[in-house]
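J.: For reference, this is protein.pdb, and it has PDB, C-alpha atoms.
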```pdb
ATOM      1  CA  MET A1229     -38.578   4.978  20.106
ATOM      2  CA  ASP A1230     -35.100   6.097  21.115
ATOM      3  CA  GLY A1231     -33.977   7.482  24.439
ATOM      4  CA  GLN A1232     -33.885  11.035  23.099
ATOM      5  CA  GLU A1233     -37.529  10.847  22.136
ATOM      6  CA  GLU A1234     -38.571   9.450  25.485
ATOM      7  CA  LYS A1235     -36.621  12.183  27.230
ATOM      8  CA  PHE A1236     -38.319  14.838  25.136
ATOM      9  CA  GLU A1237     -41.726  13.252  25.769
ATOM     10  CA  SER A1238     -41.203  13.505  29.513
ATOM     11  CA  TYR A1239     -40.060  17.105  29.030
ATOM     12  CA  LEU A1240     -43.312  17.843  27.182
ATOM     13  CA  ARG A1241     -45.293  16.208  29.979
ATOM     14  CA  GLY A1242     -43.788  18.830  32.251
ATOM     15  CA  PHE A1243     -46.221  21.221  30.609
ATOM     16  CA  GLN A1244     -49.796  20.909  31.781
ATOM     17  CA  PRO A1245     -52.643  22.166  29.640
ATOM     18  CA  ARG A1246     -54.987  24.482  31.486
ATOM     19  CA  ARG A1247     -57.772  22.558  33.215
ATOM     20  CA  PRO A1248     -61.125  23.895  32.040
ATOM     21  CA  ARG A1249     -63.594  25.169  34.606
ATOM     22  CA  ALA A1250     -66.083  22.660  35.994
ATOM     23  CA  LEU A1251     -69.140  21.708  34.000
ATOM     24  CA  PRO A1252     -72.610  21.802  35.600
ATOM     25  CA  PHE A1253     -73.001  18.034  35.867
ATOM     26  CA  PRO A1254     -76.492  16.926  36.915
ATOM     27  CA  GLN A1255     -75.220  14.953  39.905
ATOM     28  CA  ALA A1256     -76.852  17.400  42.302
ATOM     29  CA  ALA A1257     -80.303  16.483  40.963
ATOM     30  CA  ALA A1258     -79.613  12.776  41.445
ATOM     31  CA  ALA A1259     -78.376  13.391  44.965
ATOM     32  CA  VAL A1260     -81.543  15.349  45.751
ATOM     33  CA  TRP A1261     -83.682  12.426  44.581
ATOM     34  CA  ILE A1262     -81.719   9.978  46.693
ATOM     35  CA  ARG A1263     -82.137  12.241  49.723
ATOM     36  CA  ARG A1264     -85.870  12.562  49.089
ATOM     37  CA  LEU A1265     -86.240   8.797  48.773
ATOM     38  CA  ALA A1266     -84.312   8.249  51.989
ATOM     39  CA  ALA A1267     -86.470  10.812  53.801
ATOM     40  CA  ALA A1268     -89.651   9.145  52.490
ATOM     41  CA  ALA A1269     -88.401   5.727  53.597
ATOM     42  CA  ILE A1270     -87.549   7.012  57.083
ATOM     43  CA  LEU A1271     -90.959   8.682  57.354
ATOM     44  CA  THR A1272     -92.741   5.484  56.276
ATOM     45  CA  ILE A1273     -90.774   3.348  58.729
ATOM     46  CA  ALA A1274     -91.466   5.817  61.555
ATOM     47  CA  THR A1275     -95.197   5.924  60.761
ATOM     48  CA  VAL A1276     -95.549   2.144  60.470
ATOM     49  CA  SER A1277     -93.556   1.459  63.616
ATOM     50  CA  SER A1278     -95.497   4.046  65.657
ATOM     51  CA  ILE A1279     -98.831   2.569  64.472
ATOM     52  CA  TRP A1280     -97.567  -0.912  65.339
ATOM     53  CA  PHE A1281     -96.355   0.287  68.741
ATOM     54  CA  VAL A1282     -99.668   1.975  69.553
ATOM     55  CA  SER A1283    -101.654  -1.065  68.436
ATOM     56  CA  ARG A1284     -99.531  -3.356  70.673
ATOM     57  CA  ARG A1285    -100.186  -1.341  73.842
ATOM     58  CA  PRO A1286    -102.503  -3.213  76.271
ATOM     59  CA  GLY A1287    -104.790  -0.206  76.728
ATOM     60  CA  ALA A1288    -105.389   0.151  73.042
ATOM     61  CA  THR A1289    -106.917  -3.129  72.117
ATOM     62  CA  ILE A1290    -109.881  -1.582  70.365
ATOM     63  CA  VAL A1291    -108.581  -0.330  67.053
ATOM     64  CA  ALA A1292    -110.871   0.809  64.307
ATOM     65  CA  GLY A1293    -110.943  -1.266  61.140
ATOM     66  CA  THR A1294    -108.312  -3.900  61.925
ATOM     67  CA  ALA A1295    -110.383  -7.046  62.195
ATOM     68  CA  LYS A1296    -111.776  -8.971  59.304
ATOM     69  CA  ASN A1297    -115.159 -10.351  60.215
ATOM     70  CA  HIS A1298    -115.650 -11.062  63.848
ATOM     71  CA  SER A1299    -119.410 -11.124  63.797
ATOM     72  CA  GLY A1300    -119.300 -14.783  62.825
ATOM     73  CA  LEU A1301    -117.217 -15.726  65.877
ATOM     74  CA  SER A1302    -118.658 -16.931  69.112
ATOM     75  CA  PRO A1303    -118.189 -14.575  72.102
ATOM     76  CA  ALA A1304    -115.703 -16.983  73.650
ATOM     77  CA  GLU A1305    -113.531 -16.833  70.531
ATOM     78  CA  PHE A1306    -113.145 -13.095  70.795
ATOM     79  CA  GLU A1307    -109.607 -12.255  71.747
ATOM     80  CA  PRO A1308    -109.114  -8.859  73.359
ATOM     81  CA  ASN A1309    -106.252  -8.043  71.024
ATOM     82  CA  THR A1310    -108.472  -8.578  68.012
ATOM     83  CA  LEU A1311    -111.366  -6.486  69.258
ATOM     84  CA  SER A1312    -112.122  -3.798  66.799
ATOM     85  CA  LEU A1313    -114.718  -1.173  66.330
ATOM     86  CA  VAL A1314    -116.288  -2.390  63.083
ATOM     87  CA  PRO A1315    -117.204  -5.964  64.104
ATOM     88  CA  LEU A1316    -118.281  -4.759  67.533
ATOM     89  CA  THR A1317    -120.614  -2.218  65.934
ATOM     90  CA  ARG A1318    -121.953  -4.878  63.619
ATOM     91  CA  LEU A1319    -122.482  -7.224  66.562
ATOM     92  CA  ALA A1320    -124.280  -4.470  68.492
ATOM     93  CA  LEU A1321    -126.649  -3.946  65.585
ATOM     94  CA  GLU A1322    -127.274  -7.630  64.914
ATOM     95  CA  ASP A1323    -127.323  -9.172  68.387
ATOM     96  CA  SER A1324    -126.979  -6.985  71.475
ATOM     97  CA  ALA A1325    -127.059 -10.002  73.823
ATOM     98  CA  ARG A1326    -124.017 -11.505  72.111
ATOM     99  CA  LEU A1327    -122.285  -8.164  72.303
ATOM    100  CA  ASP A1328    -122.733  -8.169  76.098
ATOM    101  CA  VAL A1329    -121.294 -11.659  76.344
ATOM    102  CA  THR A1330    -118.427 -10.748  74.078
ATOM    103  CA  LEU A1331    -117.548  -7.657  76.058
ATOM    104  CA  THR A1332    -117.806  -9.567  79.321
ATOM    105  CA  ASN A1333    -115.430 -12.228  78.002
ATOM    106  CA  ALA A1334    -113.089  -9.629  76.683
ATOM    107  CA  SER A1335    -113.116  -7.713  79.943
ATOM    108  CA  ARG A1336    -111.885 -10.827  81.746
ATOM    109  CA  ASN A1337    -108.820 -10.831  79.546
ATOM    110  CA  VAL A1338    -108.258  -7.113  79.551
ATOM    111  CA  LEU A1339    -109.078  -6.165  83.142
ATOM    112  CA  PRO A1340    -107.274  -7.605  86.191
ATOM    113  CA  ASP A1341    -108.767 -10.916  87.268
ATOM    114  CA  PRO A1342    -109.702 -10.809  90.997
ATOM    115  CA  ARG A1343    -109.659 -14.632  91.120
ATOM    116  CA  ARG A1344    -105.917 -14.853  90.441
ATOM    117  CA  ASN A1345    -103.658 -15.659  93.405
ATOM    118  CA  ASP A1346    -101.330 -12.731  92.808
ATOM    119  CA  ASN A1347    -104.155 -10.214  92.434
ATOM    120  CA  ALA A1348    -103.769  -7.011  94.474
ATOM    121  CA  LEU A1349    -107.429  -6.952  95.542
ATOM    122  CA  ARG A1350    -107.123 -10.484  96.888
ATOM    123  CA  SER A1351    -104.019  -9.512  98.893
ATOM    124  CA  LEU A1352    -105.800  -6.485 100.330
ATOM    125  CA  ALA A1353    -108.844  -8.558 101.244
ATOM    126  CA  LYS A1354    -106.627 -10.989 103.175
ATOM    127  CA  GLU A1355    -105.134  -8.134 105.175
TER
ATOM    128  CA  MET B 943     -70.975   3.185  12.211
ATOM    129  CA  ALA B 944     -73.160   2.683  15.289
ATOM    130  CA  GLU B 945     -74.031   5.736  17.334
ATOM    131  CA  GLN B 946     -74.753   6.165  21.007
ATOM    132  CA  THR B 947     -75.782   8.770  23.549
ATOM    133  CA  LEU B 948     -73.235   9.246  26.306
ATOM    134  CA  SER B 949     -74.439   9.123  29.908
ATOM    135  CA  ALA B 950     -73.583  11.968  32.286
ATOM    136  CA  ASP B 951     -70.988   9.710  33.918
ATOM    137  CA  ASP B 952     -69.347   9.002  30.564
ATOM    138  CA  VAL B 953     -69.313  12.710  29.750
ATOM    139  CA  ARG B 954     -67.739  13.460  33.122
ATOM    140  CA  ARG B 955     -65.099  10.772  32.579
ATOM    141  CA  TYR B 956     -64.177  12.138  29.169
ATOM    142  CA  TYR B 957     -64.157  15.681  30.525
ATOM    143  CA  ASP B 958     -61.861  14.813  33.419
ATOM    144  CA  GLN B 959     -59.528  12.706  31.332
ATOM    145  CA  HIS B 960     -59.371  14.678  28.103
ATOM    146  CA  GLY B 961     -60.673  18.166  28.977
ATOM    147  CA  PRO B 962     -57.232  19.758  29.424
ATOM    148  CA  ALA B 963     -55.875  18.140  26.250
ATOM    149  CA  LEU B 964     -58.915  19.362  24.329
ATOM    150  CA  VAL B 965     -58.353  22.887  25.629
ATOM    151  CA  ALA B 966     -54.748  22.626  24.419
ATOM    152  CA  TYR B 967     -56.031  21.451  21.037
ATOM    153  CA  ALA B 968     -58.579  24.289  20.834
ATOM    154  CA  CYS B 969     -55.833  26.748  21.742
ATOM    155  CA  SER B 970     -54.186  26.072  18.426
ATOM    156  CA  PHE B 971     -57.253  27.438  16.613
ATOM    157  CA  VAL B 972     -58.063  30.407  18.831
ATOM    158  CA  VAL B 973     -55.441  32.545  20.463
ATOM    159  CA  ASP B 974     -57.514  33.345  23.526
ATOM    160  CA  VAL B 975     -57.439  30.569  26.141
ATOM    161  CA  ALA B 976     -60.881  31.613  27.400
ATOM    162  CA  ALA B 977     -62.273  31.078  23.901
ATOM    163  CA  ALA B 978     -60.602  27.658  23.809
ATOM    164  CA  GLU B 979     -62.229  26.774  27.120
ATOM    165  CA  ASP B 980     -65.580  28.023  25.847
ATOM    166  CA  ALA B 981     -65.276  25.799  22.779
ATOM    167  CA  VAL B 982     -64.617  22.737  24.936
ATOM    168  CA  HIS B 983     -67.434  23.691  27.294
ATOM    169  CA  GLN B 984     -69.849  24.146  24.437
ATOM    170  CA  VAL B 985     -69.163  20.632  23.137
ATOM    171  CA  PHE B 986     -69.493  18.964  26.528
ATOM    172  CA  LEU B 987     -72.619  20.905  27.491
ATOM    173  CA  LYS B 988     -74.222  19.705  24.282
ATOM    174  CA  LEU B 989     -73.296  16.132  25.239
ATOM    175  CA  LEU B 990     -74.685  16.622  28.739
ATOM    176  CA  ARG B 991     -78.060  17.619  27.334
ATOM    177  CA  GLY B 992     -78.142  14.047  26.070
ATOM    178  CA  ASN B 993     -79.540  14.686  22.634
ATOM    179  CA  THR B 994     -76.284  14.285  20.727
ATOM    180  CA  GLN B 995     -75.499  11.023  19.019
ATOM    181  CA  VAL B 996     -71.840  10.154  19.308
ATOM    182  CA  PRO B 997     -70.070   7.598  17.125
ATOM    183  CA  ASP B 998     -68.517   4.463  18.579
ATOM    184  CA  ALA B 999     -65.221   6.314  18.935
ATOM    185  CA  PRO B1000     -66.260   9.291  21.090
ATOM    186  CA  LEU B1001     -62.755  10.746  21.257
ATOM    187  CA  ALA B1002     -62.577  11.243  17.529
ATOM    188  CA  TYR B1003     -65.937  13.004  17.742
ATOM    189  CA  LEU B1004     -64.751  15.163  20.660
ATOM    190  CA  TYR B1005     -61.614  16.324  18.875
ATOM    191  CA  ARG B1006     -63.569  17.060  15.720
ATOM    192  CA  ALA B1007     -66.353  18.867  17.581
ATOM    193  CA  VAL B1008     -63.902  20.969  19.600
ATOM    194  CA  ARG B1009     -62.049  21.884  16.431
ATOM    195  CA  ASN B1010     -65.309  23.003  14.763
ATOM    196  CA  ALA B1011     -66.431  24.954  17.822
ATOM    197  CA  ALA B1012     -63.054  26.700  18.057
ATOM    198  CA  LEU B1013     -63.045  27.551  14.352
ATOM    199  CA  ASN B1014     -66.598  28.903  14.633
ATOM    200  CA  ALA B1015     -65.555  31.059  17.569
ATOM    201  CA  ARG B1016     -62.679  32.420  15.535
ATOM    202  CA  ARG B1017     -64.917  33.048  12.538
ATOM    203  CA  ASN B1018     -67.481  34.813  14.716
ATOM    204  CA  GLY B1019     -65.104  37.643  15.289
ATOM    205  CA  GLN B1020     -63.079  36.670  18.291
ATOM    206  CA  ARG B1021     -60.355  39.248  18.369
ATOM    207  CA  ASP B1022     -56.841  37.881  18.227
ATOM    208  CA  VAL B1023     -55.054  38.865  21.403
ATOM    209  CA  PRO B1024     -51.277  38.849  21.524
ATOM    210  CA  LEU B1025     -50.067  35.785  23.403
ATOM    211  CA  GLU B1026     -47.902  37.797  25.767
ATOM    212  CA  THR B1027     -50.810  39.721  27.234
ATOM    213  CA  GLN B1028     -53.104  36.892  28.222
ATOM    214  CA  ASP B1029     -53.337  33.579  30.042
ATOM    215  CA  LEU B1030     -51.483  30.676  28.505
ATOM    216  CA  CYS B1031     -52.888  27.347  27.490
ATOM    217  CA  PHE B1032     -50.002  25.527  29.153
ATOM    218  CA  VAL B1033     -48.438  25.829  32.551
ATOM    219  CA  HIS B1034     -44.845  24.687  32.934
ATOM    220  CA  ARG B1035     -44.166  22.562  35.999
ATOM    221  CA  GLY B1036     -41.068  24.605  36.735
ATOM    222  CA  GLY B1037     -42.930  27.875  36.222
ATOM    223  CA  ASN B1038     -41.137  28.712  32.968
ATOM    224  CA  ARG B1039     -43.696  30.966  31.329
ATOM    225  CA  GLU B1040     -41.529  31.632  28.307
ATOM    226  CA  ALA B1041     -41.191  27.938  27.600
ATOM    227  CA  ALA B1042     -44.965  27.503  27.928
ATOM    228  CA  LEU B1043     -45.455  30.346  25.495
ATOM    229  CA  ALA B1044     -42.916  28.842  23.103
ATOM    230  CA  LEU B1045     -44.647  25.441  23.254
ATOM    231  CA  GLN B1046     -47.992  27.016  22.492
ATOM    232  CA  ALA B1047     -46.537  28.887  19.539
ATOM    233  CA  ALA B1048     -44.662  25.811  18.312
ATOM    234  CA  LEU B1049     -47.811  23.712  18.382
ATOM    235  CA  THR B1050     -49.676  26.193  16.207
ATOM    236  CA  GLU B1051     -46.864  26.045  13.660
ATOM    237  CA  ILE B1052     -46.907  22.303  13.019
ATOM    238  CA  PRO B1053     -49.502  20.755  10.705
ATOM    239  CA  GLU B1054     -52.850  20.079  12.305
ATOM    240  CA  GLU B1055     -52.726  16.286  11.970
ATOM    241  CA  GLN B1056     -49.309  16.161  13.617
ATOM    242  CA  ARG B1057     -50.462  18.501  16.368
ATOM    243  CA  LYS B1058     -53.471  16.342  17.089
ATOM    244  CA  VAL B1059     -51.327  13.214  17.381
ATOM    245  CA  VAL B1060     -48.926  14.943  19.787
ATOM    246  CA  ILE B1061     -51.724  16.267  21.991
ATOM    247  CA  MET B1062     -53.502  12.911  22.046
ATOM    248  CA  ARG B1063     -50.282  11.101  22.881
ATOM    249  CA  ILE B1064     -48.767  13.453  25.432
ATOM    250  CA  TRP B1065     -51.743  15.062  27.185
ATOM    251  CA  SER B1066     -54.603  12.640  26.507
ATOM    252  CA  GLY B1067     -52.310   9.742  27.420
ATOM    253  CA  MET B1068     -53.261   7.618  24.411
ATOM    254  CA  THR B1069     -51.039   5.032  22.758
ATOM    255  CA  LEU B1070     -50.214   5.366  19.069
ATOM    256  CA  GLU B1071     -52.437   2.332  18.408
ATOM    257  CA  GLU B1072     -55.359   4.023  20.146
ATOM    258  CA  ILE B1073     -54.762   7.209  18.199
ATOM    259  CA  ALA B1074     -54.713   5.226  14.960
ATOM    260  CA  ALA B1075     -58.001   3.547  15.893
ATOM    261  CA  THR B1076     -59.556   6.838  16.972
ATOM    262  CA  THR B1077     -58.527   8.848  13.955
ATOM    263  CA  GLY B1078     -58.979   6.014  11.484
ATOM    264  CA  SER B1079     -55.444   6.447  10.172
ATOM    265  CA  PRO B1080     -52.910   3.664   9.659
ATOM    266  CA  LEU B1081     -50.578   3.129  12.594
ATOM    267  CA  SER B1082     -47.517   3.799  10.445
ATOM    268  CA  THR B1083     -48.941   7.174   9.398
ATOM    269  CA  VAL B1084     -49.711   8.092  12.993
ATOM    270  CA  ALA B1085     -46.235   7.024  14.097
ATOM    271  CA  SER B1086     -44.502   9.088  11.418
ATOM    272  CA  ARG B1087     -46.692  12.124  12.124
ATOM    273  CA  TYR B1088     -45.752  11.834  15.762
ATOM    274  CA  ARG B1089     -42.060  11.529  15.013
ATOM    275  CA  TYR B1090     -42.082  14.530  12.662
ATOM    276  CA  ALA B1091     -44.000  16.602  15.199
ATOM    277  CA  LEU B1092     -41.606  15.727  18.014
ATOM    278  CA  GLY B1093     -38.651  16.643  15.842
ATOM    279  CA  LYS B1094     -40.081  20.062  15.049
ATOM    280  CA  LEU B1095     -41.102  20.757  18.624
ATOM    281  CA  ARG B1096     -37.704  19.699  19.900
ATOM    282  CA  GLU B1097     -36.095  22.137  17.516
ATOM    283  CA  GLN B1098     -38.405  24.986  18.524
ATOM    284  CA  LEU B1099     -38.022  24.372  22.231
ATOM    285  CA  LYS B1100     -34.281  23.822  22.202
ATOM    286  CA  PRO B1101     -33.450  27.173  23.803
ATOM    287  CA  TYR B1102     -35.830  26.499  26.708
ATOM    288  CA  ARG B1103     -34.935  22.962  27.616
ATOM    289  CA  LYS B1104     -31.349  23.189  28.578
ATOM    290  CA  GLU B1105     -32.238  21.772  31.957
ATOM    291  CA  ALA B1106     -33.745  18.702  30.306
ATOM    292  CA  LEU B1107     -30.696  17.903  28.214
TER
END
```
Could you spell out this file's structure in structure tokens?

T.:
Amino acid sequence: MDGQEEKFESYLRGFQPRRPRALPFPQAAAAVWIRRLAAAAILTIATVSSIWFVSRRPGATIVAGTAKNHSGLSPAEFEPNTLSLVPLTRLALEDSARLDVTLTNASRNVLPDPRRNDNALRSLAKE
Amino acid sequence: MAEQTLSADDVRRYYDQHGPALVAYACSFVVDVAAAEDAVHQVFLKLLRGNTQVPDAPLAYLYRAVRNAALNARRNGQRDVPLETQDLCFVHRGGNREAALALQAALTEIPEEQRKVVIMRIWSGMTLEEIAATTGSPLSTVASRYRYALGKLREQLKPYRKEAL
């Protein structure tokens, strides 16, 4: 290709064909799906974390349907954090005496212990 | 030859890269630039619907499909509008409307195969080898078509390109 041709080529490139109007590409639909997925993920995370947070609060140790099978455990093995409505109900139906013991044991862990040295009641009693 | 369905991204890429050149190509079949745009749109919309099988060389298909769409538009009674009274297919960087008009007219006067090679080379940015592969013509044929076309265009545009000489 000689210099004349190259020069004429660059002259021709000085003309720009008209750019056609935009096509309706389906990118908007894809973006909508991504946004919906992100919203669903955020909602799920928020729900799970709020449930977890509520279940971790000391005052909310009795949560319905979270334990597996506590009726087979001895009352001493009952941890307050694992107390749940279903096994407690089962225990109440099967053996009310064991239920009392279980609740008593659990109350020692959940409620303030008056025998502890730093207990407020003990301090007041001293005064 | 194997066929494929182009993804929306592929269609977009081809549209961005070759859309203007295809409009220029369609302009040589229909006088109205809006009709040329419609022809290009029609082809790409069909591709976007995803039910069109495209050969391994999509560009060859695109040029052929745009040509057919433009010829159909012309056959379907598109009225020929004098070039002076409507939008042009080309815009000159220096704003020389007469030169743009002359280029458009000159392109319609050269044989179709030569015109296609020039448009592919200059405005689609393809090499002569790529054009040969796309059109299925020997490289020597493509090269001579290109040279003939440039010669004719240079002659036609001589009065308008004093500044380029």

J.: Apply the PyMOL selection byres ((chain A) within 10 of (chain B)) to the displayed file and report the matching residues as number ranges by chain.

T.: A: 1229, 1232-1233, 1235-1255

J.: Evaluate the PyMOL selection byres ((chain B and resi 1070) around 10) against this structure - the residues, as a PyMOL selection string, please.

T.: chain B and resi 1059-1060+1062-1063+1067-1069+1071-1076+1080-1085+1088

J.: Could you dump the residues just selected with C-alpha atoms as a compact mmCIF listing (two decimals), keeping the file's coordinate frame?

T.:
```txt
# COMPACT_ATOMS: atom_id res chain seq x y z
CA VAL B 1059 -51.33 13.21 17.38
CA VAL B 1060 -48.93 14.94 19.79
CA MET B 1062 -53.50 12.91 22.05
CA ARG B 1063 -50.28 11.10 22.88
CA GLY B 1067 -52.31 9.74 27.42
CA MET B 1068 -53.26 7.62 24.41
CA THR B 1069 -51.04 5.03 22.76
CA GLU B 1071 -52.44 2.33 18.41
CA GLU B 1072 -55.36 4.02 20.15
CA ILE B 1073 -54.76 7.21 18.20
CA ALA B 1074 -54.71 5.23 14.96
CA ALA B 1075 -58.00 3.55 15.89
CA THR B 1076 -59.56 6.84 16.97
CA PRO B 1080 -52.91 3.66 9.66
CA LEU B 1081 -50.58 3.13 12.59
CA SER B 1082 -47.52 3.80 10.44
CA THR B 1083 -48.94 7.17 9.40
CA VAL B 1084 -49.71 8.09 12.99
CA ALA B 1085 -46.24 7.02 14.10
CA TYR B 1088 -45.75 11.83 15.76
```

J.: Work out how far CA of Tyr1090 (chain B) is from CA of Asp1230 (chain A), in Å to one decimal.

T.: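 Those two atoms sit 13.8 Å apart.
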
J.: Name the residues, using the chain letters and numbers of the file, that sit within 10 Å of (-74.4, 3.3, 18.9) when counting only C-alpha atoms, and give them as a list in words.

T.: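 All residues meeting the 10 Å criterion around (-74.4, 3.3, 18.9) are Met943, Ala944, Glu945, Gln946, Thr947, Leu948, Gln995, Val996, Pro997, Asp998 and Ala999 of chain B.
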
J.: Measuring atom to atom with all atoms listed in the file, identify which of A:Leu1331, A:Arg1350, A:Leu1271, A:Ala1325 is nearest to Leu1311 (chain A).

T.: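 Using all atoms listed in the file, Leu1311 (chain A) sits closest to A:Leu1331.
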
J.: Check the smallest atom-to-atom distance from each of B:Pro1101, B:Gln959, B:Arg1006, B:Ala1015 to Ala1044 (chain B) using all atoms listed in the file, then report the winner.

T.: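 Between B:Pro1101, B:Gln959, B:Arg1006, B:Ala1015, the residue approaching Ala1044 (chain B) most closely is B:Pro1101.
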
J.: Between B:Ser949, B:Thr1050, B:Thr1077, B:Ser1066, which has the minimum distance to Lys988 (chain B) (counting only C-alpha atoms)?

T.: B:Ser949
